[in-house]
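For reference, the structure discussed in these notes is given below.
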Amino acid sequence: MKTMLSKCLVGFLLTLSSMIAAQAQSVTVIQPNGGEVLYACQTYAITWSQTGVPSNYWNIDYSVDGGTIWASVTSNYLATNGQFVWTVPNVQSTTCRVRITDSNLGTTTDVSNALFTINIPVTVTSPNGGEIWQGLTVRNITWNAAGTSNYYNIAYSTNGGTNWTDIALNHYNISGSYAWTVPNIPAANCLVRVMDYTQNCMQDVSNAVFTISPAQPILTSPNGGETMAYPCAYNITWDLLTFYSAVKLEYSLNNGGLWTQIVATTPNSGTYAWNPPNSVSTTCLVRASNVANASVSDVSNAVFTIRAPYTLLAPNGGDTLRGCATYPISFVKPNGCLSS
């Protein structure tokens with residue numbers, strides 16, 4: 001009987017000891033414990049202190065709404081030093097908390113005493129959606145940044161983010177601005193991305209798509225004042241960078257009242273050898289347009305002249321000729337094909 005009582009007493013004492021130990025066990029969040037400002041994607045040491053004899057296996061959670069909803073950071077994590085290196089999530093909130101709980105004893109738990117903040121480290125401010133930027137113009141890409149390395153990779157997409165083209169790599173900037181010469185690639189689904197060079201997770205993309213409109217084409221010759229003659233060849237020239245497709249060429253003999261096609265499509269090489277028509281006019285123009293969009297074009301700045309191929313000197317009016325007599329016909333041949 002005494003043996004049984006002794007066993008019961010020992011069991012009771014062990015249970016009581018465990019209960020006392022459990023009651024004495026506690027955990028206290030040290031950081032983040034309120035007021036801190038963290039940045040998405042950075043690594044941050046969550047730390048805590050403990051008393052009693054915890055299991056040393058911990059569940060760690062965070063909340064971005066002050067503690068109403070919790071998301072797991074890690075579970076059943078073995079730690080005897082009271083520390084966990086956390087990769088801060090890519091969220092923006094000023095009402096964040098962290099919670100530490102003993103995996104084997106849910107009553108051993110603690111929460112940050114006050115709220116802390118998680119900021120997005122990079123925020124694109126322009127272009128951020130809806131802008132129309134013309135090709136070959138210089139526009140400023142801008143962003144806000146905090147907690148970054150100040151070195152950035154900048155890229156753009158013309159298909160809504162499916163593919164990206166680099167604008168600048170490892171670009172150092174502390175003002176959050178980059179002067180971009182917009183490519184002459186017309187598209188309506190464009191985005192810009194700014195990414196921290198050393199931590200790719202720190203990045204942002206335009207909130208909505210913007211548009212790249214075609215550059216203004218530039219015809220360089222004939223551009224006004226030239227004189228040419230049939231059947232000589234004359235080079236029509238243009239700035240090939242200002243065209244984004246093959247080129248259509250036309251001419252007018254009446255200052256743009258009526259246009260005649262020279263060629264429906266020619267490669268965007270910047271030059272085309274043209275034989276002017278056998279017509280005489282002092283009000284000629286040439287028009288160059290993108291085959292992809294003929295409304296995107298340029299016209300000679302001023303009129304030029306197509307002259308007669310030969311100049312008749314005699315007979316040239318007022319002459320008296322007799323039948324069966326022989327008279328010389330004289331004319332002047334152009335001195336070369338091109339003149340100005």
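Each chain of the structure tokens is named A, B, ... in the order shown, its residues numbered from 1; ligands are numbered from 1 in display order.
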Exercise: Trp274 (chain A) partners within 8 Å, only C-alpha atoms, chain neighbours under 6 positions left out, as a PDB file with N, CA, C and O atoms, in the first residue's frame:
ATOM      1  N   ALA A 233      19.466  60.313-112.565  1.00  0.00           N
ATOM      2  CA  ALA A 233      19.140  59.741-111.258  1.00  0.00           C
ATOM      3  C   ALA A 233      19.445  60.757-110.163  1.00  0.00           C
ATOM      4  O   ALA A 233      20.446  61.483-110.232  1.00  0.00           O
ATOM      5  N   TYR A 234      18.560  60.791-109.182  1.00  0.00           N
ATOM      6  CA  TYR A 234      18.730  61.710-108.056  1.00  0.00           C
ATOM      7  C   TYR A 234      18.457  60.927-106.779  1.00  0.00           C
ATOM      8  O   TYR A 234      17.484  60.175-106.708  1.00  0.00           O
ATOM      9  N   ASN A 235      19.297  61.100-105.766  1.00  0.00           N
ATOM     10  CA  ASN A 235      19.135  60.342-104.524  1.00  0.00           C
ATOM     11  C   ASN A 235      18.142  61.017-103.589  1.00  0.00           C
ATOM     12  O   ASN A 235      18.368  62.136-103.131  1.00  0.00           O
ATOM     13  N   ILE A 236      17.049  60.313-103.346  1.00  0.00           N
ATOM     14  CA  ILE A 236      16.153  60.712-102.257  1.00  0.00           C
ATOM     15  C   ILE A 236      16.757  60.144-100.979  1.00  0.00           C
ATOM     16  O   ILE A 236      17.083  58.958-100.917  1.00  0.00           O
ATOM     17  N   ILE A 262       6.268  56.750-106.258  1.00  0.00           N
ATOM     18  CA  ILE A 262       7.600  56.423-106.788  1.00  0.00           C
ATOM     19  C   ILE A 262       7.873  54.942-106.572  1.00  0.00           C
ATOM     20  O   ILE A 262       8.242  54.209-107.485  1.00  0.00           O
TER      21      ILE A 262
END
**OP:** Per DSSP on the backbone, filter region 60-193 of chain A down to the residues in strand (DSSP E or B) and report them as a PyMOL selection string.
**Re:** chain A and resi 60-63+71-78+83-87+93-102+105-111+116-119+122-126+132-134+138-145+151-157+159+165-172+177-181+187-193
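The two atoms in question, CA of Gly66 (chain A) and CA of Val85 (chain A), are spaced 21.5 Å apart.
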**OP:** Skip region 47-61 of chain A itself and residues of its chain fewer than 5 positions away, then list as a PyMOL selection string all residues within 8 Å of it, counting only C-alpha atoms.
**Re:** chain A and resi 21-22+24-32+70-80+82-84+98-104
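With only C-alpha atoms as the basis for measurement, A:Gly147 is the residue among A:Gly67, A:Gly270, A:Gly135, A:Gly147 that approaches Thr43 (chain A) most closely.
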Subject >> Near-Ala188 (chain A) list (12 Å; only C-alpha atoms; drop same-chain fewer than 2 positions) as an NGL selection string >> reply: :A and (129-134 or 157-160 or 185-186 or 190-191 or 208-214)
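The spacing separating CA of Asn278 (chain A) from CA of Tyr251 (chain A) amounts to 12.9 Å.
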Subject >> Close residues, Trp259 (chain A) itself excluded, 12 Å, only C-alpha atoms, min 4 positions apart in chain, as number ranges by chain >> reply: A: 249-255, 263, 284-288, 299
Would you mind exporting the chosen residues as a JSON list (two decimals), in the first residue's frame, restricted to N, CA and C atoms?
[["chain", "number", "residue", "atom", "x", "y", "z"],
["A", 249, "LEU", "N", 7.60, 55.97, -101.05],
["A", 249, "LEU", "CA", 8.01, 57.26, -101.60],
["A", 249, "LEU", "C", 7.03, 57.72, -102.67],
["A", 250, "GLU", "N", 6.74, 59.03, -102.65],
["A", 250, "GLU", "CA", 5.84, 59.63, -103.63],
["A", 250, "GLU", "C", 6.37, 61.00, -104.03],
["A", 251, "TYR", "N", 5.88, 61.51, -105.18],
["A", 251, "TYR", "CA", 6.24, 62.86, -105.57],
["A", 251, "TYR", "C", 4.99, 63.61, -106.02],
["A", 252, "SER", "N", 5.10, 64.94, -105.97],
["A", 252, "SER", "CA", 4.02, 65.81, -106.44],
["A", 252, "SER", "C", 4.62, 66.88, -107.34],
["A", 253, "LEU", "N", 3.89, 67.20, -108.42],
["A", 253, "LEU", "CA", 4.32, 68.25, -109.34],
["A", 253, "LEU", "C", 3.58, 69.56, -109.09],
["A", 254, "ASN", "N", 2.60, 69.53, -108.17],
["A", 254, "ASN", "CA", 1.78, 70.72, -107.95],
["A", 254, "ASN", "C", 1.68, 71.07, -106.46],
["A", 255, "ASN", "N", 2.81, 71.03, -105.79],
["A", 255, "ASN", "CA", 2.91, 71.47, -104.39],
["A", 255, "ASN", "C", 2.01, 70.67, -103.45],
["A", 263, "VAL", "N", 7.70, 54.49, -105.31],
["A", 263, "VAL", "CA", 7.87, 53.08, -104.98],
["A", 263, "VAL", "C", 6.97, 52.78, -103.78],
["A", 284, "CYS", "N", 7.63, 71.13, -107.13],
["A", 284, "CYS", "CA", 7.72, 69.69, -106.86],
["A", 284, "CYS", "C", 8.01, 69.43, -105.38],
["A", 285, "LEU", "N", 7.49, 68.32, -104.91],
["A", 285, "LEU", "CA", 7.73, 67.85, -103.55],
["A", 285, "LEU", "C", 7.92, 66.34, -103.58],
["A", 286, "VAL", "N", 8.61, 65.81, -102.56],
["A", 286, "VAL", "CA", 8.69, 64.36, -102.33],
["A", 286, "VAL", "C", 8.15, 64.07, -100.94],
["A", 287, "ARG", "N", 7.44, 62.96, -100.80],
["A", 287, "ARG", "CA", 6.90, 62.53, -99.51],
["A", 287, "ARG", "C", 7.41, 61.12, -99.19],
["A", 288, "ALA", "N", 7.91, 60.94, -97.97],
["A", 288, "ALA", "CA", 8.37, 59.64, -97.48],
["A", 288, "ALA", "C", 7.53, 59.24, -96.28],
["A", 299, "VAL", "N", 7.44, 65.44, -95.63],
["A", 299, "VAL", "CA", 7.42, 66.01, -96.98],
["A", 299, "VAL", "C", 8.56, 67.01, -97.08]]
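Minimum distance to Ser295 (chain A) across A:Ile174, A:Leu241, A:Met195, A:Ala215 (counting only C-alpha atoms) occurs at A:Ala215.
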Original post:
Excluding same-chain residues fewer than 6 positions from region 118-127 of chain A, what lies within 6 Å of it counting only C-alpha atoms, as number ranges by chain?
Top reply: A: 37-40, 92-93, 141-147, 203-204, 206
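For the choices A:Ile46, A:Thr87, A:Gly106, A:Arg97, the atom-to-atom distance to Tyr62 (chain A) is smallest for A:Arg97 when using only C-alpha atoms.
If you measure from each of A:Asn207, A:Ser245, A:Glu226, A:Thr326 to Val303 (chain A) using only C-alpha atoms, the closest one turns out to be A:Glu226.
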